[in-house]
Amino acid sequence: MTSITLSGVNKSFGANFPVIRDVDLEIADGEFCVFLGPSGCGKSTLLRMVAGLEMAYSGQIRIGDRVVDKVEPADRQVAMVFQNYALYPHMSVYENMAFGLRQAKTPKDEIDRRVKEAARILQIEPLLDRMPKALSGGQRQRVAIGRAIVRQPKVFLFDEPLSNLDAALRVHMRSEIATLHRNFPAASMIYVTHDQTEAMALADKIVLLHAGKDMLKHGSIAQVGKPLDLYHRPRNLFVAGFLGSPTMNFIAATFIGQETAGAHVALKGGEELLVPVDGSKLAAGAPVTLGVRPEHLAPVPGPAGQTLTRKVSAVEHFGEYSFVYLDGGTPAPLIAKVPGDGGVKAGDTASYQAPADCCHLFDADGIALTQI
Amino acid sequence: MASSPATRVAGRIAVPVLGLFWLAVTTVPFLFMVMTTFKTQEESYSSSVWALPESLNFVNYADVLSGPFLTYLKNSVMVVAISVVLIVLISAMAAYAFARIRFRFNEALFGLIVAGMIVPIHITLVPIYLMTREIGLYDSPFALIGPYVATSLPISVFILTEFMRQIPKELEEAARLDGCGPFTIFFKIFFPLSGPGLSTIAIYNAIMLWNEFIFAYVLTSSTSTRTLPLAIWDYQGQYTSNIPAILAVVTLTSLPLVVAYAFGQEKIVKGMMAGSVKG
Ligand SMILES: Nc1ncnc2c1ncn2[C@@H]1O[C@H](COP(=O)(O)OP(=O)(O)O)[C@@H](O)[C@H]1O
Ligand SMILES: [Mg+2]
């Protein structure tokens, strides 16, 4: 049983600097959970609380059946991989991995067996005698992971482990971490990142965190769910805008009325659309925000009432696809991500279909209306 | 700062010239001293002070070494070695606490210790003399260790605290996750990683204490308890007019530092730089 449960967790640095607010979270046995959010939103702090490196908080954290609020980091059966690796510079790779086991008075041959086993898994056997400064970034990363593996923890904690690597290596190590998770199915993993691609690629469950004012107003957690849940059913404007690249298009609109098929809205640009959500609680004339992802805007005329016609302000070509910038978003221009060269140029007027089941509607508080 | 070709050329010339000048300033007196030790007493009077010795004459060294010189040497080595070990150990532990442990009076205490650097040691002489008499350590080489350690601690703690603040916090946290308590973290992580800082402290204090005169003069009085800087003083009385013999004492006194420097030059320079250049 290595589920992790956070109940009513709050943390501030000093009296008036809240960082984490009202976190209730359950991470299941063997689950790969990613804490995602903008920089400074408290992801690392939350992770460090699970590790026991930040002890002063209110609320309760349980690992398995045990309440760990007063348990020392070393006794929580967790292992952590730091962003800057934090390898001991004065110890060889072997000693770095063996250090924790030596502290735990593990028998020598057992240490040797575990270190060699981890080295084999991570393919760093030839490096065991090297010092950390003689390693490349990717190799250091492996050693840091190796140091975590040898301790056979119940929970692996990763704090932005890939952000110091170059882009190509990052993709490679990402798949290795996924493999690692498959190789240790019993251990739960918590992985902190600000990179949505990493989160989408790795997570069983994403915990998206609010920062600043949103955190104060709604609590730290913006949404918890499977990656595609967050992508297809964002709970509010923040989640909708955070996931996806380029970000979701937002268009100011007015609620006209509810029909059985969905909410009828009038866009600022003049069009009227039907969005399949439940807007029955809204009054006619209420301001709403329509959201539609760039990749869902199709360059084919759709049925009447689902088509946006706008002036093209710019086009960016990437070969496989193009970004077409359109006038009339809120506040940024609209973007359509279309295959090939898009077939339009700046100054043209173009029409794009916004399929009904890809449209989102948010009320004046930024909360998504339930999809029907 | 942008530098024009002209200033760069000037720099390329000025730096070696200044270097050579400084080399002359520091080595000429030393060479002069060593040269003079090979002269006899009469020779030092009769010929020009700049003249080379007539022969390589070790009579002054033989003379000095047949006296109590080795006793002074033994006392110096003992006092300096014990003091430096204590200084390094105590200041490293204090620095770790100041750099990494959050406690209520951390900053106040650190400020107080650093303020100790501005206390001139001379105003402490009389109280220390009286206390030393009181506890019965007067005229023992061990009387020197207390004042030596105490007066060296402020600067040592100051340097090492700055040094340890540079050690990444994550290393300490990794060690905590690996099961280390504060003492293990200190001895297994911070102490070894402070190597360059510790050698700075050790070298700096060893040189200062090797040459220390005033406490040794006040707290010891017998030949058998005194240290090398006092040997020079004693010999000055003994050989009033025998300048080559006095210089032989000075040469022998500085020899250990010169030898240590010759062998450990690279380490010493690295240690001295350690505070200024981030690892
Ligand atoms: N030890 C600390 N003392 C004071 N403020 C801190 C401390 N650690 C983090 N913070 C602040 O808490 C906020 C969250 O930090 P962090 O958890 O590191 O964010 P993230 O990892 O999401 O980028 C930041 O505003 C940061 O400045
Ligand atoms: Mg962080």
# chains A, B, ... in the order shown; residues from 1 in each chain; ligands from 1
call {"tool": "interface_residues", "arguments": {"of": "chain A", "to": "chain B", "cutoff": "10 Å", "atoms": "only C-alpha atoms", "output": "PyMOL selection string"}}
result
chain A and resi 48+51-53+72-91+97-104+147-148+151
call {"tool": "write_last_selection", "arguments": {"atoms": "N, CA and C atoms", "output": "compact mmCIF listing (two decimals), in the first residue's frame"}}
result
# COMPACT_ATOMS: atom_id res chain seq x y z
N ARG A 48 8.22 18.69 -1.87
CA ARG A 48 9.14 18.66 -0.74
C ARG A 48 8.40 18.37 0.55
N ALA A 51 8.22 14.77 0.61
CA ALA A 51 9.54 14.22 0.92
C ALA A 51 9.91 14.41 2.39
N GLY A 52 9.28 15.38 3.04
CA GLY A 52 9.63 15.67 4.43
C GLY A 52 10.67 16.76 4.55
N LEU A 53 10.97 17.42 3.44
CA LEU A 53 11.97 18.50 3.50
C LEU A 53 11.34 19.81 3.94
N GLU A 72 10.81 11.75 9.76
CA GLU A 72 12.00 12.28 9.08
C GLU A 72 12.04 11.83 7.62
N PRO A 73 12.62 12.65 6.74
CA PRO A 73 12.66 12.30 5.31
C PRO A 73 13.18 10.89 5.06
N ALA A 74 14.25 10.52 5.78
CA ALA A 74 14.88 9.24 5.50
C ALA A 74 13.98 8.07 5.85
N ASP A 75 13.02 8.29 6.74
CA ASP A 75 12.16 7.19 7.18
C ASP A 75 10.83 7.13 6.45
N ARG A 76 10.69 7.93 5.39
CA ARG A 76 9.40 7.95 4.70
C ARG A 76 9.36 6.97 3.54
N GLN A 77 10.49 6.28 3.30
CA GLN A 77 10.59 5.36 2.17
C GLN A 77 10.30 6.06 0.85
N VAL A 78 10.83 7.27 0.74
CA VAL A 78 10.74 7.99 -0.52
C VAL A 78 12.16 8.24 -1.02
N ALA A 79 12.31 8.42 -2.32
CA ALA A 79 13.60 8.81 -2.88
C ALA A 79 13.34 9.95 -3.84
N MET A 80 14.27 10.89 -3.88
CA MET A 80 14.01 12.09 -4.66
C MET A 80 15.13 12.33 -5.67
N VAL A 81 14.73 12.79 -6.85
CA VAL A 81 15.70 13.18 -7.87
C VAL A 81 15.57 14.69 -8.04
N PHE A 82 16.67 15.40 -7.79
CA PHE A 82 16.61 16.86 -7.80
C PHE A 82 16.87 17.41 -9.19
N GLN A 83 16.37 18.63 -9.40
CA GLN A 83 16.53 19.30 -10.69
C GLN A 83 18.00 19.42 -11.07
N ASN A 84 18.85 19.82 -10.11
CA ASN A 84 20.27 19.97 -10.42
C ASN A 84 21.05 18.71 -10.04
N TYR A 85 20.34 17.60 -9.94
CA TYR A 85 20.91 16.27 -9.67
C TYR A 85 21.40 16.10 -8.23
N ALA A 86 22.07 17.14 -7.68
CA ALA A 86 22.56 17.07 -6.30
C ALA A 86 23.40 15.83 -6.04
N LEU A 87 24.26 15.48 -6.98
CA LEU A 87 25.20 14.39 -6.72
C LEU A 87 26.29 14.91 -5.78
N TYR A 88 26.78 14.04 -4.90
CA TYR A 88 27.86 14.46 -4.00
C TYR A 88 29.14 14.59 -4.83
N PRO A 89 29.68 15.81 -4.95
CA PRO A 89 30.78 16.03 -5.91
C PRO A 89 32.06 15.29 -5.52
N HIS A 90 32.19 14.96 -4.23
CA HIS A 90 33.45 14.36 -3.78
C HIS A 90 33.37 12.84 -3.73
N MET A 91 32.31 12.28 -4.26
CA MET A 91 32.20 10.81 -4.24
C MET A 91 32.05 10.30 -5.66
N MET A 97 25.76 6.32 -5.19
CA MET A 97 24.60 5.43 -5.12
C MET A 97 24.60 4.63 -3.82
N ALA A 98 25.81 4.33 -3.32
CA ALA A 98 25.89 3.48 -2.13
C ALA A 98 25.68 4.26 -0.83
N PHE A 99 25.83 5.58 -0.90
CA PHE A 99 25.87 6.39 0.33
C PHE A 99 24.66 6.17 1.24
N GLY A 100 23.48 6.25 0.66
CA GLY A 100 22.27 6.10 1.47
C GLY A 100 22.18 4.71 2.10
N LEU A 101 22.60 3.70 1.35
CA LEU A 101 22.55 2.34 1.87
C LEU A 101 23.56 2.16 3.00
N ARG A 102 24.71 2.79 2.84
CA ARG A 102 25.71 2.71 3.91
C ARG A 102 25.16 3.35 5.18
N GLN A 103 24.47 4.49 5.01
CA GLN A 103 23.89 5.15 6.19
C GLN A 103 22.89 4.22 6.87
N ALA A 104 22.21 3.43 6.06
CA ALA A 104 21.20 2.52 6.61
C ALA A 104 21.82 1.21 7.08
N ARG A 147 20.65 6.59 -7.84
CA ARG A 147 20.71 6.78 -6.39
C ARG A 147 19.33 6.58 -5.77
N ALA A 148 18.31 6.96 -6.53
CA ALA A 148 16.95 6.76 -6.02
C ALA A 148 16.55 5.28 -6.09
N ARG A 151 17.64 2.57 -3.35
CA ARG A 151 17.00 2.60 -2.03
C ARG A 151 15.68 1.84 -2.02
call {"tool": "residues_around", "arguments": {"residues": "A:Ser322", "least_positions_apart": "6", "cutoff": "9 Å", "atoms": "only C-alpha atoms", "output": "number ranges by chain"}}
result
A: 315-316, 336-342
call {"tool": "write_last_selection", "arguments": {"atoms": "all heavy atoms", "output": "PDB file, in the first residue's frame"}}
result
ATOM      1  N   VAL A 315       0.449  34.632 -41.324  1.00  0.00           N
ATOM      2  CA  VAL A 315       0.509  33.173 -41.430  1.00  0.00           C
ATOM      3  C   VAL A 315       1.941  32.733 -41.113  1.00  0.00           C
ATOM      4  O   VAL A 315       2.905  33.345 -41.573  1.00  0.00           O
ATOM      5  CB  VAL A 315       0.134  32.696 -42.859  1.00  0.00           C
ATOM      6  CG1 VAL A 315       0.104  31.166 -42.913  1.00  0.00           C
ATOM      7  CG2 VAL A 315      -1.200  33.269 -43.297  1.00  0.00           C
ATOM      8  N   GLU A 316       2.073  31.707 -40.285  1.00  0.00           N
ATOM      9  CA  GLU A 316       3.397  31.119 -40.013  1.00  0.00           C
ATOM     10  C   GLU A 316       3.423  29.701 -40.562  1.00  0.00           C
ATOM     11  O   GLU A 316       2.544  28.902 -40.246  1.00  0.00           O
ATOM     12  CB  GLU A 316       3.665  31.086 -38.499  1.00  0.00           C
ATOM     13  CG  GLU A 316       3.948  32.440 -37.900  1.00  0.00           C
ATOM     14  CD  GLU A 316       4.028  32.408 -36.373  1.00  0.00           C
ATOM     15  OE1 GLU A 316       3.757  31.350 -35.770  1.00  0.00           O
ATOM     16  OE2 GLU A 316       4.368  33.445 -35.799  1.00  0.00           O
ATOM     17  N   ALA A 336      -5.528  29.553 -35.944  1.00  0.00           N
ATOM     18  CA  ALA A 336      -5.986  28.268 -36.461  1.00  0.00           C
ATOM     19  C   ALA A 336      -4.751  27.479 -36.853  1.00  0.00           C
ATOM     20  O   ALA A 336      -3.865  27.997 -37.531  1.00  0.00           O
ATOM     21  CB  ALA A 336      -6.887  28.476 -37.667  1.00  0.00           C
ATOM     22  N   LYS A 337      -4.686  26.224 -36.364  1.00  0.00           N
ATOM     23  CA  LYS A 337      -3.557  25.377 -36.744  1.00  0.00           C
ATOM     24  C   LYS A 337      -4.057  24.459 -37.848  1.00  0.00           C
ATOM     25  O   LYS A 337      -4.928  23.624 -37.616  1.00  0.00           O
ATOM     26  CB  LYS A 337      -3.094  24.569 -35.538  1.00  0.00           C
ATOM     27  CG  LYS A 337      -1.921  23.663 -35.829  1.00  0.00           C
ATOM     28  CD  LYS A 337      -1.527  22.893 -34.580  1.00  0.00           C
ATOM     29  CE  LYS A 337      -0.453  21.874 -34.907  1.00  0.00           C
ATOM     30  NZ  LYS A 337      -0.125  21.050 -33.743  1.00  0.00           N
ATOM     31  N   VAL A 338      -3.558  24.666 -39.071  1.00  0.00           N
ATOM     32  CA  VAL A 338      -4.125  23.956 -40.220  1.00  0.00           C
ATOM     33  C   VAL A 338      -3.038  23.181 -40.943  1.00  0.00           C
ATOM     34  O   VAL A 338      -1.860  23.553 -40.895  1.00  0.00           O
ATOM     35  CB  VAL A 338      -4.801  24.950 -41.183  1.00  0.00           C
ATOM     36  CG1 VAL A 338      -6.010  25.583 -40.515  1.00  0.00           C
ATOM     37  CG2 VAL A 338      -3.828  26.019 -41.628  1.00  0.00           C
ATOM     38  N   PRO A 339      -3.404  22.087 -41.623  1.00  0.00           N
ATOM     39  CA  PRO A 339      -2.387  21.280 -42.299  1.00  0.00           C
ATOM     40  C   PRO A 339      -1.753  22.024 -43.473  1.00  0.00           C
ATOM     41  O   PRO A 339      -2.376  22.922 -44.048  1.00  0.00           O
ATOM     42  CB  PRO A 339      -3.176  20.067 -42.823  1.00  0.00           C
ATOM     43  CG  PRO A 339      -4.559  20.191 -42.309  1.00  0.00           C
ATOM     44  CD  PRO A 339      -4.759  21.567 -41.793  1.00  0.00           C
ATOM     45  N   GLY A 340      -0.527  21.647 -43.812  1.00  0.00           N
ATOM     46  CA  GLY A 340       0.158  22.211 -44.982  1.00  0.00           C
ATOM     47  C   GLY A 340       0.379  23.704 -44.850  1.00  0.00           C
ATOM     48  O   GLY A 340       0.666  24.201 -43.766  1.00  0.00           O
ATOM     49  N   ASP A 341       0.225  24.427 -45.988  1.00  0.00           N
ATOM     50  CA  ASP A 341       0.507  25.861 -45.940  1.00  0.00           C
ATOM     51  C   ASP A 341      -0.749  26.669 -45.625  1.00  0.00           C
ATOM     52  O   ASP A 341      -0.717  27.892 -45.601  1.00  0.00           O
ATOM     53  CB  ASP A 341       1.151  26.330 -47.245  1.00  0.00           C
ATOM     54  CG  ASP A 341       0.187  26.237 -48.417  1.00  0.00           C
ATOM     55  OD1 ASP A 341      -0.986  25.824 -48.193  1.00  0.00           O
ATOM     56  OD2 ASP A 341       0.588  26.565 -49.541  1.00  0.00           O
ATOM     57  N   GLY A 342      -1.875  26.021 -45.406  1.00  0.00           N
ATOM     58  CA  GLY A 342      -3.080  26.713 -44.972  1.00  0.00           C
ATOM     59  C   GLY A 342      -3.884  27.321 -46.105  1.00  0.00           C
ATOM     60  O   GLY A 342      -5.062  27.607 -45.947  1.00  0.00           O
TER      61      GLY A 342
END
call {"tool": "residues_around", "arguments": {"residues": "stretch 22-34 of chain B", "least_positions_apart": "2", "cutoff": "12 Å", "atoms": "only C-alpha atoms", "output": "ChimeraX atom specification"}}
result
/B:15-20,36-39,44,49-53,56-58,60-61,243-255,258
call {"tool": "residues_around", "arguments": {"residues": "A:Ser92", "least_positions_apart": "5", "cutoff": "10 Å", "atoms": "only C-alpha atoms", "output": "PyMOL selection string"}}
result
chain A and resi 87+97-98+127-134
call {"tool": "write_last_selection", "arguments": {"atoms": "N, CA and C atoms", "output": "short mmCIF file (atom, residue, chain, number, x, y, z; two decimals), in the first residue's frame"}}
result
data_model
loop_
_atom_site.label_atom_id
_atom_site.label_comp_id
_atom_site.auth_asym_id
_atom_site.auth_seq_id
_atom_site.Cartn_x
_atom_site.Cartn_y
_atom_site.Cartn_z
N LEU A 87 24.26 15.48 -6.98
CA LEU A 87 25.20 14.39 -6.72
C LEU A 87 26.29 14.91 -5.78
N MET A 97 25.76 6.32 -5.19
CA MET A 97 24.60 5.43 -5.12
C MET A 97 24.60 4.63 -3.82
N ALA A 98 25.81 4.33 -3.32
CA ALA A 98 25.89 3.48 -2.13
C ALA A 98 25.68 4.26 -0.83
N LEU A 127 30.63 3.72 -15.81
CA LEU A 127 30.89 5.02 -15.18
C LEU A 127 31.08 4.92 -13.68
N LEU A 128 30.94 3.72 -13.12
CA LEU A 128 30.86 3.62 -11.66
C LEU A 128 32.04 4.24 -10.92
N ASP A 129 33.22 4.24 -11.54
CA ASP A 129 34.39 4.78 -10.83
C ASP A 129 34.60 6.26 -11.09
N ARG A 130 33.79 6.85 -11.97
CA ARG A 130 34.01 8.26 -12.30
C ARG A 130 33.49 9.17 -11.21
N MET A 131 34.03 10.40 -11.23
CA MET A 131 33.50 11.43 -10.34
C MET A 131 32.40 12.18 -11.11
N PRO A 132 31.44 12.76 -10.38
CA PRO A 132 30.32 13.44 -11.06
C PRO A 132 30.77 14.50 -12.06
N LYS A 133 31.86 15.22 -11.75
CA LYS A 133 32.21 16.31 -12.66
C LYS A 133 32.73 15.79 -14.00
N ALA A 134 33.06 14.50 -14.06
CA ALA A 134 33.51 13.93 -15.33
C ALA A 134 32.35 13.31 -16.10
#
call {"tool": "residues_near_ligand", "arguments": {"ligand": "ligand 2", "cutoff": "12 Å", "atoms": "only C-alpha atoms and all ligand atoms", "output": "ChimeraX atom specification"}}
result
/A:35-48,82-84,158-161,163,191-195
call {"tool": "closest_residue", "arguments": {"among": "A:Ala356, A:Val207, A:Ile111, A:Ala284", "to": "ligand 1", "atoms": "only C-alpha atoms and all ligand atoms"}}
result
A:Val207
call {"tool": "residues_around", "arguments": {"residues": "stretch 115-120 of chain B", "least_positions_apart": "4", "cutoff": "7 Å", "atoms": "only C-alpha atoms", "output": "list of chain:residue names"}}
result
B:Gly111, B:Pro154, B:Ile155
call {"tool": "write_last_selection", "arguments": {"atoms": "N, CA and C atoms", "output": "PDB file, in the first residue's frame"}}
result
ATOM      1  N   GLY B 111      27.270  38.050  13.826  1.00  0.00           N
ATOM      2  CA  GLY B 111      27.729  39.442  13.855  1.00  0.00           C
ATOM      3  C   GLY B 111      28.729  39.672  14.970  1.00  0.00           C
ATOM      4  N   PRO B 154      37.590  34.441  14.586  1.00  0.00           N
ATOM      5  CA  PRO B 154      36.644  35.304  13.861  1.00  0.00           C
ATOM      6  C   PRO B 154      36.845  35.294  12.353  1.00  0.00           C
ATOM      7  N   ILE B 155      38.048  35.530  11.890  1.00  0.00           N
ATOM      8  CA  ILE B 155      38.249  35.583  10.438  1.00  0.00           C
ATOM      9  C   ILE B 155      38.001  34.213   9.813  1.00  0.00           C
TER      10      ILE B 155
END
call {"tool": "closest_residue", "arguments": {"among": "B:Phe110, B:Tyr148, B:Phe163, B:Phe215", "to": "B:Val85", "atoms": "only C-alpha atoms"}}
result
B:Tyr148
call {"tool": "closest_residue", "arguments": {"among": "A:Val239, A:Ile367, A:Ala56, A:Ile63", "to": "ligand 1", "atoms": "only C-alpha atoms and all ligand atoms"}}
result
A:Ala56
call {"tool": "residues_around", "arguments": {"residues": "A:Gly146", "least_positions_apart": "3", "cutoff": "7 Å", "atoms": "only C-alpha atoms", "output": "list in words"}}
result
Met97, Ala118, Ala119, Arg142, Val143, Ile149 and Val150 of chain A
call {"tool": "residues_around", "arguments": {"residues": "B:Ala143", "least_positions_apart": "4", "cutoff": "7 Å", "atoms": "only C-alpha atoms", "output": "ChimeraX atom specification"}}
result
/B:132,137-138,219
call {"tool": "write_last_selection", "arguments": {"atoms": "N, CA and C atoms", "output": "PDB file, in the first residue's frame"}}
result
ATOM      1  N   THR B 132      46.144  33.607  32.395  1.00  0.00           N
ATOM      2  CA  THR B 132      47.072  32.501  32.185  1.00  0.00           C
ATOM      3  C   THR B 132      47.823  32.174  33.473  1.00  0.00           C
ATOM      4  N   LEU B 137      49.062  28.183  33.717  1.00  0.00           N
ATOM      5  CA  LEU B 137      49.667  27.791  32.448  1.00  0.00           C
ATOM      6  C   LEU B 137      50.820  28.708  32.036  1.00  0.00           C
ATOM      7  N   TYR B 138      51.088  29.710  32.854  1.00  0.00           N
ATOM      8  CA  TYR B 138      52.121  30.666  32.462  1.00  0.00           C
ATOM      9  C   TYR B 138      53.446  29.941  32.239  1.00  0.00           C
ATOM     10  N   LEU B 219      53.557  35.400  27.316  1.00  0.00           N
ATOM     11  CA  LEU B 219      53.073  34.241  28.068  1.00  0.00           C
ATOM     12  C   LEU B 219      54.139  33.185  28.349  1.00  0.00           C
TER      13      LEU B 219
END
call {"tool": "atom_distance", "arguments": {"atom1": "atom CA of B:Phe187", "atom2": "atom CA of B:Ala260"}}
result
26.7 Å
call {"tool": "select_by_dssp", "arguments": {"residues": "stretch 110-337 of chain A", "states": "strand (DSSP E or B)", "output": "JSON, numbers by chain"}}
result
{"A": [155, 156, 157, 158, 159, 188, 189, 190, 191, 192, 193, 205, 206, 207, 208, 209, 221, 222, 223, 224, 225, 236, 249, 250, 251, 252, 253, 254, 255, 256, 257, 258, 259, 262, 263, 264, 265, 266, 267, 272, 273, 274, 275, 277, 287, 288, 289, 290, 291, 292, 298, 307, 308, 309, 310, 311, 312, 313, 314, 315, 316, 317, 321, 322, 323, 324, 325, 326, 334, 335, 336, 337]}
call {"tool": "closest_residue", "arguments": {"among": "A:Gln258, A:Ser220, A:Thr179, A:Thr307", "to": "ligand 1", "atoms": "only C-alpha atoms and all ligand atoms"}}
result
A:Ser220
call {"tool": "closest_residue", "arguments": {"among": "A:Ala199, A:Ser351, A:Tyr321, A:Ala211", "to": "ligand 1", "atoms": "only C-alpha atoms and all ligand atoms"}}
result
A:Ala211
call {"tool": "atom_distance", "arguments": {"atom1": "atom CA of A:Asn16", "atom2": "atom CA of A:Met215"}}
result
13.8 Å
call {"tool": "select_by_dssp", "arguments": {"residues": "stretch 47-229 of chain A", "states": "helix (DSSP H, G or I)", "output": "number ranges by chain"}}
result
A: 47-51, 73-75, 93-103, 108-122, 125-127, 132-134, 137-149, 167-183, 196-202, 212-218, 227-229
call {"tool": "atom_distance", "arguments": {"atom1": "atom CA of A:Gly270", "atom2": "atom CA of A:Asp327"}}
result
12.8 Å
call {"tool": "closest_residue", "arguments": {"among": "A:His172, A:Lys345, A:His296, A:His232", "to": "A:His317", "atoms": "only C-alpha atoms"}}
result
A:Lys345
